[in-house]
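S.K.: For reference, the structure I am asking about is given below.
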Amino acid sequence: MKKIALLILLCCASNGHTQSIYRKDFDFYWQTVKDNFAYFDRQKTNWDEVKTIYSWKADTIKTKDGFIHFLEKVNNELHNGHVYLNTNRDSSNRLIPSGSDMKISYRENKFVITELRENFNASLCGLSRGMVVVRCNDVPMTMAIQEFLPMTVHKFDLDSYEYAANMVLAGKHNIKRKITVLENGVEKDYFPDVNPNKTEENFKELLEQKKLPGNIGYIKINNSLGNNALIKAFDTALDGFMDTNGMILDLRETAGGGNTTVARAIMGRFAPQERAYQKHIYIGEENETGIRRSTLELVTPRKNGYSKPLVILVGNWTASMGEGIAIGLEGMRRGTVIGTKMAGLLGENFTFKTPELKIPFSFPAAQLQRVNGQPREDFIPSPMVEDPTTIIKVATDQLQIKAR
């Protein structure tokens, strides 16, 4: 009996130690976000209530996988695609917008497809703009979104509903999607993942290039703004278009973000002189000291600059650094931005790591603004062009007018 009792005590002690690891990591995560998250004024999340609701749940977790899913759930409280873990499991949800192939907008209490990612699963299976999604994997959308709605936001706004709906439609890595829509008043099922989900594949080329009628150059970035090899590829492509009457820079496929080195290299080829392209406001420092710190990031001209008219194409999958390039070129008055609203990812991301399980997590710790002070996430292209089949024509028409 004594041996059995001792074994029980040892097991309980071991289990208690494991539980304390998860609680310690959650407490570190919570405090790091509290001290550094740059958008509590916008997201309206009650972060103190997050600790109250989730702390006891951390004490019930028994595995690292369980803790990862737990933090993924907590991230929904901040309901923006720029809040994520830098790790996942097969049963994790895909991130948005990088893991999505359609955009859902919440209009008149309906979940409407308003954009489709070109040549990705959703568009290839027959879904189209304007369809109303009523169920995902046979779960009504009004129920399915509950998994992703923040528990500490007591009055949901449009951002929280659309974040939740787009997470639902992006789907989980290990579950094939069945999308039920209303089409001319009749329900119809679509199966986007009959073929492998293309959001989990890499592009074969860093960029695409071609010359359009009217002697217009065209360069499309293939989700490679985080790859420094793009700098050389972009320079080579642009060098071949120096005699064109105008350029189109297509940023509609930059959902994975990137780094400022690549971004400044691209913008530097269009900059006539050193200019600011983006403003940073460091909230963590202000929280700690009470003193606001803000900086302007500059673009320096690079050799063999391109001086002809420029149009930048953007859309829902123009994200993070892609958004930075668009507002940067527009703010420098170097190009016209056209398309649809960009991803609206919040701020400049910083990455931290939990002390025990070493789980990396990222969130915006600095606000980003246009040089005129407007929040980057609020930028609206002008003109707005919602039809992807006409956007190239609109861009070339604008360039031809400017070239006259």
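Each chain in the structure tokens gets a letter, A, B, ..., in the order shown, and its residues are numbered from 1; ligands are numbered from 1 in order too.
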Which residues, written as a PyMOL selection string, have at least one atom at most 9 Å from Thr63 of chain A, with only C-alpha atoms counted and residues fewer than 3 positions away on the same chain left out?
M.R.: chain A and resi 18+22+66-68
S.K.: Let's have the selection written as a short mmCIF file (atom, residue, chain, number, x, y, z; two decimals), in the first residue's frame, with N, CA and C atoms.
M.R.:
data_model
loop_
_atom_site.label_atom_id
_atom_site.label_comp_id
_atom_site.auth_asym_id
_atom_site.auth_seq_id
_atom_site.Cartn_x
_atom_site.Cartn_y
_atom_site.Cartn_z
N THR A 18 4.10 19.58 -14.93
CA THR A 18 3.75 19.79 -16.33
C THR A 18 2.74 20.92 -16.47
N TYR A 22 2.75 24.94 -18.67
CA TYR A 22 1.76 25.56 -19.55
C TYR A 22 1.27 26.89 -18.98
N GLY A 66 -1.84 20.39 -27.40
CA GLY A 66 -3.01 21.01 -26.80
C GLY A 66 -2.76 22.46 -26.45
N PHE A 67 -1.55 22.76 -25.99
CA PHE A 67 -1.22 24.14 -25.63
C PHE A 67 -1.14 25.03 -26.87
N ILE A 68 -0.61 24.49 -27.97
CA ILE A 68 -0.56 25.25 -29.23
C ILE A 68 -1.98 25.62 -29.68
#
S.K.: Mind checking which residues fall within 12 Å of Lys44 of chain A, counting only C-alpha atoms, ignoring those fewer than 2 positions away in the same chain, and posting them as an MDAnalysis selection string?
M.R.: chainID A and resid 37:42 46:49 77:79 150:157 159:160
S.K.: Please produce a file of those selected residues containing N, CA, C and O atoms, as a PDB file, in the first residue's frame.
M.R.:
ATOM      1  N   PHE A  37       1.300  44.980 -27.309  1.00  0.00           N
ATOM      2  CA  PHE A  37       0.341  45.008 -28.420  1.00  0.00           C
ATOM      3  C   PHE A  37      -0.038  46.453 -28.730  1.00  0.00           C
ATOM      4  O   PHE A  37      -0.389  47.230 -27.836  1.00  0.00           O
ATOM      5  N   ALA A  38       0.037  46.820 -30.008  1.00  0.00           N
ATOM      6  CA  ALA A  38      -0.062  48.224 -30.399  1.00  0.00           C
ATOM      7  C   ALA A  38      -1.466  48.686 -30.759  1.00  0.00           C
ATOM      8  O   ALA A  38      -1.653  49.867 -31.079  1.00  0.00           O
ATOM      9  N   TYR A  39      -2.453  47.794 -30.692  1.00  0.00           N
ATOM     10  CA  TYR A  39      -3.765  48.156 -31.240  1.00  0.00           C
ATOM     11  C   TYR A  39      -4.930  47.874 -30.293  1.00  0.00           C
ATOM     12  O   TYR A  39      -6.040  47.637 -30.743  1.00  0.00           O
ATOM     13  N   PHE A  40      -4.704  47.931 -28.986  1.00  0.00           N
ATOM     14  CA  PHE A  40      -5.836  47.766 -28.077  1.00  0.00           C
ATOM     15  C   PHE A  40      -6.860  48.880 -28.260  1.00  0.00           C
ATOM     16  O   PHE A  40      -8.050  48.693 -27.992  1.00  0.00           O
ATOM     17  N   ASP A  41      -6.434  50.043 -28.732  1.00  0.00           N
ATOM     18  CA  ASP A  41      -7.379  51.127 -28.970  1.00  0.00           C
ATOM     19  C   ASP A  41      -8.304  50.817 -30.128  1.00  0.00           C
ATOM     20  O   ASP A  41      -9.432  51.328 -30.196  1.00  0.00           O
ATOM     21  N   ARG A  42      -7.862  49.952 -31.023  1.00  0.00           N
ATOM     22  CA  ARG A  42      -8.664  49.633 -32.206  1.00  0.00           C
ATOM     23  C   ARG A  42      -9.468  48.344 -32.018  1.00  0.00           C
ATOM     24  O   ARG A  42     -10.639  48.277 -32.406  1.00  0.00           O
ATOM     25  N   ASN A  46     -10.757  43.274 -24.151  1.00  0.00           N
ATOM     26  CA  ASN A  46     -10.490  43.427 -22.722  1.00  0.00           C
ATOM     27  C   ASN A  46      -9.429  42.405 -22.339  1.00  0.00           C
ATOM     28  O   ASN A  46      -9.739  41.253 -22.034  1.00  0.00           O
ATOM     29  N   TRP A  47      -8.161  42.827 -22.365  1.00  0.00           N
ATOM     30  CA  TRP A  47      -7.072  41.865 -22.179  1.00  0.00           C
ATOM     31  C   TRP A  47      -7.004  41.339 -20.743  1.00  0.00           C
ATOM     32  O   TRP A  47      -6.579  40.213 -20.513  1.00  0.00           O
ATOM     33  N   ASP A  48      -7.430  42.128 -19.765  1.00  0.00           N
ATOM     34  CA  ASP A  48      -7.488  41.620 -18.391  1.00  0.00           C
ATOM     35  C   ASP A  48      -8.506  40.494 -18.285  1.00  0.00           C
ATOM     36  O   ASP A  48      -8.296  39.501 -17.575  1.00  0.00           O
ATOM     37  N   GLU A  49      -9.603  40.636 -19.010  1.00  0.00           N
ATOM     38  CA  GLU A  49     -10.623  39.584 -19.004  1.00  0.00           C
ATOM     39  C   GLU A  49     -10.121  38.325 -19.699  1.00  0.00           C
ATOM     40  O   GLU A  49     -10.501  37.210 -19.337  1.00  0.00           O
ATOM     41  N   GLU A  77      -8.836  36.432 -29.833  1.00  0.00           N
ATOM     42  CA  GLU A  77      -9.301  37.596 -29.069  1.00  0.00           C
ATOM     43  C   GLU A  77      -8.839  38.899 -29.720  1.00  0.00           C
ATOM     44  O   GLU A  77      -9.474  39.940 -29.559  1.00  0.00           O
ATOM     45  N   LEU A  78      -7.723  38.843 -30.454  1.00  0.00           N
ATOM     46  CA  LEU A  78      -7.206  40.047 -31.117  1.00  0.00           C
ATOM     47  C   LEU A  78      -7.635  40.122 -32.575  1.00  0.00           C
ATOM     48  O   LEU A  78      -7.342  41.095 -33.263  1.00  0.00           O
ATOM     49  N   HIS A  79      -8.296  39.094 -33.077  1.00  0.00           N
ATOM     50  CA  HIS A  79      -8.983  38.993 -34.373  1.00  0.00           C
ATOM     51  C   HIS A  79      -8.369  39.815 -35.508  1.00  0.00           C
ATOM     52  O   HIS A  79      -9.012  40.674 -36.106  1.00  0.00           O
ATOM     53  N   PRO A 150     -14.087  36.564 -30.752  1.00  0.00           N
ATOM     54  CA  PRO A 150     -13.449  36.818 -29.460  1.00  0.00           C
ATOM     55  C   PRO A 150     -14.467  36.746 -28.322  1.00  0.00           C
ATOM     56  O   PRO A 150     -15.574  37.265 -28.426  1.00  0.00           O
ATOM     57  N   MET A 151     -14.065  36.105 -27.217  1.00  0.00           N
ATOM     58  CA  MET A 151     -14.961  35.945 -26.079  1.00  0.00           C
ATOM     59  C   MET A 151     -15.023  37.204 -25.224  1.00  0.00           C
ATOM     60  O   MET A 151     -15.968  37.392 -24.451  1.00  0.00           O
ATOM     61  N   THR A 152     -14.017  38.074 -25.342  1.00  0.00           N
ATOM     62  CA  THR A 152     -13.970  39.247 -24.462  1.00  0.00           C
ATOM     63  C   THR A 152     -14.419  40.529 -25.161  1.00  0.00           C
ATOM     64  O   THR A 152     -14.319  41.609 -24.583  1.00  0.00           O
ATOM     65  N   VAL A 153     -14.876  40.417 -26.382  1.00  0.00           N
ATOM     66  CA  VAL A 153     -15.464  41.566 -27.076  1.00  0.00           C
ATOM     67  C   VAL A 153     -16.978  41.403 -26.987  1.00  0.00           C
ATOM     68  O   VAL A 153     -17.537  40.460 -27.555  1.00  0.00           O
ATOM     69  N   HIS A 154     -17.625  42.283 -26.275  1.00  0.00           N
ATOM     70  CA  HIS A 154     -19.042  42.072 -25.951  1.00  0.00           C
ATOM     71  C   HIS A 154     -19.992  42.701 -26.957  1.00  0.00           C
ATOM     72  O   HIS A 154     -21.205  42.497 -26.884  1.00  0.00           O
ATOM     73  N   LYS A 155     -19.435  43.464 -27.882  1.00  0.00           N
ATOM     74  CA  LYS A 155     -20.245  43.984 -28.983  1.00  0.00           C
ATOM     75  C   LYS A 155     -19.430  43.822 -30.257  1.00  0.00           C
ATOM     76  O   LYS A 155     -18.502  44.569 -30.523  1.00  0.00           O
ATOM     77  N   PHE A 156     -19.777  42.802 -31.026  1.00  0.00           N
ATOM     78  CA  PHE A 156     -19.006  42.481 -32.215  1.00  0.00           C
ATOM     79  C   PHE A 156     -19.172  43.553 -33.290  1.00  0.00           C
ATOM     80  O   PHE A 156     -20.271  44.064 -33.509  1.00  0.00           O
ATOM     81  N   ASP A 157     -18.063  43.870 -33.938  1.00  0.00           N
ATOM     82  CA  ASP A 157     -18.112  44.802 -35.058  1.00  0.00           C
ATOM     83  C   ASP A 157     -17.884  44.040 -36.355  1.00  0.00           C
ATOM     84  O   ASP A 157     -17.721  42.806 -36.362  1.00  0.00           O
ATOM     85  N   ASP A 159     -15.321  43.978 -38.302  1.00  0.00           N
ATOM     86  CA  ASP A 159     -14.005  43.339 -38.376  1.00  0.00           C
ATOM     87  C   ASP A 159     -14.010  41.961 -37.726  1.00  0.00           C
ATOM     88  O   ASP A 159     -13.444  41.007 -38.264  1.00  0.00           O
ATOM     89  N   SER A 160     -14.633  41.843 -36.560  1.00  0.00           N
ATOM     90  CA  SER A 160     -14.623  40.557 -35.856  1.00  0.00           C
ATOM     91  C   SER A 160     -15.447  39.512 -36.592  1.00  0.00           C
ATOM     92  O   SER A 160     -15.057  38.342 -36.670  1.00  0.00           O
TER      93      SER A 160
END
S.K.: Which polymer residues have any atom within 6 Å of an atom of segment 317-324 of chain A, counting only C-alpha atoms, with same-chain residues fewer than 5 positions away left out, as a PDB file with C-alpha atoms, in the first residue's frame?
M.R.:
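Writing the result to selection.pdb gives the following:
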ATOM      1  CA  LEU A 251       1.270  43.237 -55.607  1.00  0.00           C
ATOM      2  CA  ARG A 252      -1.966  41.243 -55.486  1.00  0.00           C
ATOM      3  CA  GLU A 253      -0.100  38.040 -54.618  1.00  0.00           C
ATOM      4  CA  THR A 254       2.030  39.091 -51.633  1.00  0.00           C
ATOM      5  CA  ALA A 255      -0.044  37.442 -48.897  1.00  0.00           C
ATOM      6  CA  GLY A 257       4.425  39.554 -46.297  1.00  0.00           C
ATOM      7  CA  GLY A 258       8.176  40.083 -46.437  1.00  0.00           C
ATOM      8  CA  MET A 342      -5.767  45.398 -49.010  1.00  0.00           C
ATOM      9  CA  ALA A 343      -5.505  42.743 -46.292  1.00  0.00           C
ATOM     10  CA  LEU A 345      -2.973  43.558 -41.392  1.00  0.00           C
TER      11      LEU A 345
END
S.K.: Pull the alpha helix (DSSP H) assignments for segment 222-378 of chain A out of DSSP run on the backbone, and list those residues as a VMD selection string.
M.R.: chain A and resid 229 to 239 260 to 268 283 to 289 321 to 331
S.K.: Would you list the contacts of Ser294 of chain A as a PyMOL selection string, taking every protein, DNA or RNA residue within 12 Å and counting only C-alpha atoms, but skipping same-chain residues closer than 6 positions in sequence?
M.R.: chain A and resi 278-286+366-369+371+373
S.K.: Enumerate, in order of chain and increasing residue number, the residues of segment 240-331 of chain A with an atom no farther than 9 Å from segment 386-393 of chain A, each with its shortest atom pair and distance in Å to one decimal, counting only C-alpha atoms, as JSON lines.
M.R.:
{"residue": "A:Ile248", "atom": "CA", "partner": "A:Ile392", "partner_atom": "CA", "distance": 8.4}
{"residue": "A:Leu313", "atom": "CA", "partner": "A:Ile391", "partner_atom": "CA", "distance": 7.9}
{"residue": "A:Gly315", "atom": "CA", "partner": "A:Glu386", "partner_atom": "CA", "distance": 8.7}
S.K.: Quote the spacing between atom CA of Val33 of chain A and atom CA of Ser362 of chain A in Å to one decimal place.
M.R.: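 Atom CA of Val33 of chain A sits 9.5 Å away from atom CA of Ser362 of chain A.
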S.K.: Quick one: distance from atom CA of Trp56 of chain A to atom CA of Asn75 of chain A in Å, one decimal?
M.R.: 16.6 Å
S.K.: Skip Tyr163 of chain A itself and residues of its chain fewer than 6 positions away, then list as a PyMOL selection string all residues within 12 Å of it, counting only C-alpha atoms.
M.R.: chain A and resi 43+75-83+95-97+100+103-106+111+145-150+156-157+169-170+343-345
S.K.: Among segment 45-205 of chain A, which ones does DSSP place in strand (DSSP E or B), written as a PyMOL selection string?
M.R.: chain A and resi 84-85+93+102-107+110-116+132-136+139-140+172+179-183+186-190
S.K.: Rank nothing, just name the residue among A:Asn259, A:Asn197, A:Thr340, A:Thr180 nearest to Val132 of chain A, using only C-alpha atoms.
M.R.: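 Looking only at the distances to Val132 of chain A, the closest residue turns out to be A:Thr180.
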S.K.: May I ask for the distance between atom CA of Gly256 of chain A and atom CA of Asn119 of chain A, given in Å to one decimal place?
M.R.: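 Atom CA of Asn119 of chain A lies at a distance of 16.7 Å from atom CA of Gly256 of chain A.
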S.K.: May I have the residues within 8 Å of segment 270-274 of chain A as a PyMOL selection string, using only C-alpha atoms and disregarding those fewer than 2 positions away in the same chain?
M.R.: chain A and resi 266-268+276+298-302+305-307+332+334
S.K.: I'd like to know which of A:Pro213, A:Pro360, A:Gly130, A:Gly99 is closest to Thr114 of chain A, using only C-alpha atoms.
M.R.: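 Smallest distance to Thr114 of chain A is found for A:Gly130.
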S.K.: Excluding same-chain residues fewer than 3 positions from Asp243 of chain A, what lies within 12 Å of it counting only C-alpha atoms, as number ranges by chain?
M.R.: A: 211, 214-217, 238-240, 246-247, 304-309
S.K.: Counting only C-alpha atoms, which residue out of A:Lys210, A:Lys64, A:Lys34, A:Val385 sits closest to Glu356 of chain A?
M.R.: A:Lys64
S.K.: Let me make sure I understand: among A:Ala58, A:Leu207, A:Val194, A:Cys125, which one has the smallest atom-to-atom distance to Thr236 of chain A if we use only C-alpha atoms?
M.R.: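 The answer is A:Leu207, which sits nearest to Thr236 of chain A.
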